[in-house]
Structure formats: structure tokens, C-alpha cells
Amino acid sequence: QLVESGGGSVQAGRSLSLSCAASGDTANCMAWFRQAPGKKREGVAAISRAGSTNYADSVRGRFVVSRDNDKNTLSLLMNNLKPEDTAMYYCAARRVDGCSIFLTFADWGQGTQVTVS
């Protein structure tokens with residue numbers, strides 16, 4: 001089970017941090033995805049159990065993904081937010097080999113809304 005928290009409404013240029021609490025075994029790969037109204041879901045950032053990361057081009061340099069394997073949590077620090085970052089953000093977990101936002105994830109949270117004005 002994945003439970004996101006930390007969403008909200010912020011002004012452009014501000015920062016916001018999202019968290020995801022996972023239950024069960026620690027996943028090989030955890031990631032953040034987002035979906036804006038009328039758009040396809042897109043990968044934002046992924047991080048392996050070892051700490052290797054990859055980001056979407058649209059957020060690289062602004063967003064930082066991290067995880068705490070002991071606490072089984074995932075975080076996303078979003079800096080310099082833009083209106084186009086407005087979306088529902090989802091936490092996802094992948095237990096098989098490979099870690100990338102372009103791979104398939106089996107476990108998903110319910111999402112948390114981020115609105116940037």
C-alpha cells in the first residue's frame with residue numbers, strides 16, 4: 001500500500017514537498033508520476049533502492065527525489081514550481097529489476113493534488 005501526502009496549492013516559484021509511505025517489503029524502485037487534467041500520465045522521477053535516480057526533462061534541476069529504505073518512504077522536493085506542474089501526483093513502486101520512469105510499475109497510491117498558480 002502506498003499513501004501520498006503533502007500536496008496543496010502554492011504560488012509559482014515556491015517549493016513544495018511530497019511524501020509517500022509504503023507498507024510491505026522495500027521496493028526495488030519507487031517513483032513519482034503525475035497526471036494533469038486532459039493529459040496522459042507522465043513519469044516525474046524514479047529512484048532505485050541503491051539511490052540511483054532519473055528525472056523527466058521537464059523537472060530535472062528543479063525536483064529532487066529521495067527515499068528512506070529503513071522507513072520505507074519516498075519523498076519529492078519540488079522547487080521553483082511552475083503552473084504547468086499542476087497535476088495529481090502519484091507514488092508508484094516496482095519490485096522487479098530495473099528502475100526508470102519509462103518502465104512499468106505495479107503498485108500505485110491514490111494521489112495527492114498539487115496546484116501552482
# chains A, B, ... in the order shown; residues from 1 in each chain; ligands from 1
call {"tool": "closest_atom_pairs", "arguments": {"of": "segment 3-80 of chain A", "to": "segment 102-105 of chain A", "cutoff": "12 Å", "atoms": "only C-alpha atoms", "output": "tab-separated table"}}
result
residue	atom	partner	partner_atom	distance
A:Ala27	CA	A:Phe105	CA	10.5
A:Asn28	CA	A:Phe105	CA	10.7
A:Cys29	CA	A:Phe105	CA	8.6
A:Met30	CA	A:Phe105	CA	8.5
A:Ala31	CA	A:Phe105	CA	8.6
A:Trp32	CA	A:Phe105	CA	10.4
A:Phe33	CA	A:Phe105	CA	10.2
A:Arg41	CA	A:Phe102	CA	11.3
A:Glu42	CA	A:Phe102	CA	8.8
A:Gly43	CA	A:Phe102	CA	7.0
A:Val44	CA	A:Phe102	CA	9.8
A:Ala45	CA	A:Phe102	CA	9.9
A:Ala46	CA	A:Phe102	CA	9.3
A:Asn54	CA	A:Phe102	CA	9.8
A:Tyr55	CA	A:Phe102	CA	10.1
A:Ala56	CA	A:Phe102	CA	9.6
call {"tool": "closest_atom_pairs", "arguments": {"of": "segment 4-39 of chain A", "to": "segment 59-82 of chain A", "cutoff": "7 Å", "atoms": "only C-alpha atoms", "output": "Markdown table"}}
result
| residue | atom | partner | partner_atom | distance |
| --- | --- | --- | --- | --- |
| A:Ala12 | CA | A:Lys82 | CA | 5.0 |
| A:Gly13 | CA | A:Asn80 | CA | 4.1 |
| A:Arg14 | CA | A:Asn80 | CA | 5.3 |
| A:Ser15 | CA | A:Asn79 | CA | 4.4 |
| A:Leu16 | CA | A:Met78 | CA | 5.2 |
| A:Ser17 | CA | A:Leu77 | CA | 4.4 |
| A:Leu18 | CA | A:Leu76 | CA | 5.0 |
| A:Ser19 | CA | A:Ser75 | CA | 4.4 |
| A:Cys20 | CA | A:Leu74 | CA | 4.9 |
| A:Ala21 | CA | A:Thr73 | CA | 4.7 |
| A:Ala22 | CA | A:Asn72 | CA | 5.5 |
| A:Thr26 | CA | A:Asn72 | CA | 6.1 |
call {"tool": "residues_around", "arguments": {"residues": "Gln113 of chain A", "least_positions_apart": "4", "cutoff": "7 Å", "atoms": "only C-alpha atoms", "output": "PDB file with all heavy atoms, in the first residue's frame"}}
result
ATOM      1  N   GLY A   7       0.506  17.369  -0.710  1.00  0.00           N
ATOM      2  CA  GLY A   7       0.050  18.201  -1.803  1.00  0.00           C
ATOM      3  C   GLY A   7      -0.602  19.477  -1.290  1.00  0.00           C
ATOM      4  O   GLY A   7      -0.850  19.633  -0.098  1.00  0.00           O
ATOM      5  N   GLY A   8      -0.878  20.396  -2.210  1.00  0.00           N
ATOM      6  CA  GLY A   8      -1.529  21.633  -1.832  1.00  0.00           C
ATOM      7  C   GLY A   8      -1.457  22.647  -2.943  1.00  0.00           C
ATOM      8  O   GLY A   8      -1.095  22.321  -4.075  1.00  0.00           O
ATOM      9  N   ALA A  87      -0.946  19.184 -11.210  1.00  0.00           N
ATOM     10  CA  ALA A  87      -1.357  17.827 -11.567  1.00  0.00           C
ATOM     11  C   ALA A  87      -1.657  17.036 -10.309  1.00  0.00           C
ATOM     12  O   ALA A  87      -1.357  17.478  -9.196  1.00  0.00           O
ATOM     13  CB  ALA A  87      -0.248  17.115 -12.346  1.00  0.00           C
ATOM     14  N   MET A  88      -2.233  15.859 -10.501  1.00  0.00           N
ATOM     15  CA  MET A  88      -2.327  14.881  -9.428  1.00  0.00           C
ATOM     16  C   MET A  88      -1.029  14.090  -9.456  1.00  0.00           C
ATOM     17  O   MET A  88      -0.635  13.580 -10.512  1.00  0.00           O
ATOM     18  CB  MET A  88      -3.519  13.955  -9.662  1.00  0.00           C
ATOM     19  CG  MET A  88      -3.767  12.973  -8.537  1.00  0.00           C
ATOM     20  SD  MET A  88      -4.384  13.765  -7.046  1.00  0.00           S
ATOM     21  CE  MET A  88      -6.111  13.974  -7.519  1.00  0.00           C
ATOM     22  N   TYR A  89      -0.391  14.006  -8.320  1.00  0.00           N
ATOM     23  CA  TYR A  89       0.885  13.311  -8.219  1.00  0.00           C
ATOM     24  C   TYR A  89       0.686  11.963  -7.540  1.00  0.00           C
ATOM     25  O   TYR A  89       0.056  11.879  -6.476  1.00  0.00           O
ATOM     26  CB  TYR A  89       1.892  14.159  -7.443  1.00  0.00           C
ATOM     27  CG  TYR A  89       2.472  15.284  -8.266  1.00  0.00           C
ATOM     28  CD1 TYR A  89       1.696  16.382  -8.614  1.00  0.00           C
ATOM     29  CD2 TYR A  89       3.784  15.229  -8.718  1.00  0.00           C
ATOM     30  CE1 TYR A  89       2.216  17.406  -9.386  1.00  0.00           C
ATOM     31  CE2 TYR A  89       4.316  16.246  -9.491  1.00  0.00           C
ATOM     32  CZ  TYR A  89       3.522  17.333  -9.822  1.00  0.00           C
ATOM     33  OH  TYR A  89       4.049  18.341 -10.598  1.00  0.00           O
TER      34      TYR A  89
END
call {"tool": "select_by_dssp", "arguments": {"residues": "segment 13-97 of chain A", "states": "strand (DSSP E)", "output": "ChimeraX atom specification"}}
result
/A:16-22,29-35,42-48,53-55,63-68,73-78,87-94
call {"tool": "residues_around", "arguments": {"residues": "Gln1 of chain A", "least_positions_apart": "4", "cutoff": "8 Å", "atoms": "only C-alpha atoms", "output": "list of chain:residue names"}}
result
A:Ala22, A:Ser23, A:Gly24, A:Asp107, A:Trp108, A:Gly109
call {"tool": "write_last_selection", "arguments": {"atoms": "N, CA, C and O atoms", "output": "PDB file, in the first residue's frame"}}
result
ATOM      1  N   ALA A  22       5.113   3.729   2.331  1.00  0.00           N
ATOM      2  CA  ALA A  22       4.864   2.410   1.749  1.00  0.00           C
ATOM      3  C   ALA A  22       4.817   1.353   2.833  1.00  0.00           C
ATOM      4  O   ALA A  22       5.508   1.449   3.845  1.00  0.00           O
ATOM      5  N   SER A  23       4.002   0.350   2.622  1.00  0.00           N
ATOM      6  CA  SER A  23       3.937  -0.773   3.547  1.00  0.00           C
ATOM      7  C   SER A  23       4.412  -2.030   2.826  1.00  0.00           C
ATOM      8  O   SER A  23       4.405  -2.099   1.601  1.00  0.00           O
ATOM      9  N   GLY A  24       4.844  -3.012   3.590  1.00  0.00           N
ATOM     10  CA  GLY A  24       5.340  -4.232   2.991  1.00  0.00           C
ATOM     11  C   GLY A  24       6.833  -4.175   2.741  1.00  0.00           C
ATOM     12  O   GLY A  24       7.537  -3.320   3.265  1.00  0.00           O
ATOM     13  N   ASP A 107       2.460  -1.121  -8.369  1.00  0.00           N
ATOM     14  CA  ASP A 107       1.763  -0.615  -7.184  1.00  0.00           C
ATOM     15  C   ASP A 107       1.636   0.898  -7.269  1.00  0.00           C
ATOM     16  O   ASP A 107       2.617   1.596  -7.552  1.00  0.00           O
ATOM     17  N   TRP A 108       0.435   1.385  -6.927  1.00  0.00           N
ATOM     18  CA  TRP A 108       0.145   2.815  -7.042  1.00  0.00           C
ATOM     19  C   TRP A 108      -0.610   3.330  -5.826  1.00  0.00           C
ATOM     20  O   TRP A 108      -1.423   2.619  -5.236  1.00  0.00           O
ATOM     21  N   GLY A 109      -0.303   4.595  -5.483  1.00  0.00           N
ATOM     22  CA  GLY A 109      -1.072   5.259  -4.452  1.00  0.00           C
ATOM     23  C   GLY A 109      -2.299   5.928  -5.039  1.00  0.00           C
ATOM     24  O   GLY A 109      -2.537   5.849  -6.254  1.00  0.00           O
TER      25      GLY A 109
END
call {"tool": "closest_residue", "arguments": {"among": "A:Cys99, A:Leu2, A:Ala106, A:Ala93", "to": "Ile47 of chain A", "atoms": "only C-alpha atoms"}}
result
A:Cys99
call {"tool": "atom_distance", "arguments": {"atom1": "atom CA of Cys91 of chain A", "atom2": "atom CA of Val3 of chain A"}}
result
7.6 Å
call {"tool": "closest_residue", "arguments": {"among": "A:Val10, A:Ala92, A:Ala50, A:Ala36", "to": "Gln110 of chain A", "atoms": "only C-alpha atoms"}}
result
A:Ala92
call {"tool": "atom_distance", "arguments": {"atom1": "atom CA of Gln11 of chain A", "atom2": "atom CA of Lys39 of chain A"}}
result
21.8 Å
call {"tool": "residues_around", "arguments": {"residues": "Ser9 of chain A", "least_positions_apart": "3", "cutoff": "8 Å", "atoms": "only C-alpha atoms", "output": "list in words"}}
result
Val114, Thr115, Val116 and Ser117 of chain A
call {"tool": "write_last_selection", "arguments": {"atoms": "all heavy atoms", "output": "tab-separated table (two decimals), in the first residue's frame"}}
result
chain	number	residue	atom	x	y	z
A	114	VAL	N	-1.47	18.74	-6.55
A	114	VAL	CA	-0.59	19.90	-6.49
A	114	VAL	C	-1.11	20.93	-7.48
A	114	VAL	O	-1.30	20.63	-8.66
A	114	VAL	CB	0.87	19.52	-6.84
A	114	VAL	CG1	1.73	20.78	-6.94
A	114	VAL	CG2	1.43	18.57	-5.79
A	115	THR	N	-1.35	22.14	-6.98
A	115	THR	CA	-1.85	23.22	-7.82
A	115	THR	C	-0.91	24.41	-7.69
A	115	THR	O	-0.64	24.88	-6.58
A	115	THR	CB	-3.26	23.62	-7.42
A	115	THR	OG1	-4.13	22.48	-7.49
A	115	THR	CG2	-3.79	24.71	-8.34
A	116	VAL	N	-0.42	24.89	-8.83
A	116	VAL	CA	0.51	26.01	-8.86
A	116	VAL	C	-0.14	27.15	-9.63
A	116	VAL	O	-0.55	26.98	-10.78
A	116	VAL	CB	1.83	25.62	-9.51
A	116	VAL	CG1	2.83	26.77	-9.42
A	116	VAL	CG2	2.41	24.37	-8.86
A	117	SER	N	-0.23	28.31	-9.00
A	117	SER	CA	-0.88	29.44	-9.64
A	117	SER	C	0.08	30.62	-9.78
A	117	SER	O	1.14	30.64	-9.13
A	117	SER	CB	-2.11	29.86	-8.85
A	117	SER	OG	-1.74	30.20	-7.53
call {"tool": "atom_distance", "arguments": {"atom1": "atom CA of Gly6 of chain A", "atom2": "atom CA of Gly98 of chain A"}}
result
27.3 Å
call {"tool": "closest_residue", "arguments": {"among": "A:Arg34, A:Tyr90, A:Ser5, A:Glu84", "to": "Gly111 of chain A", "atoms": "only C-alpha atoms"}}
result
A:Tyr90
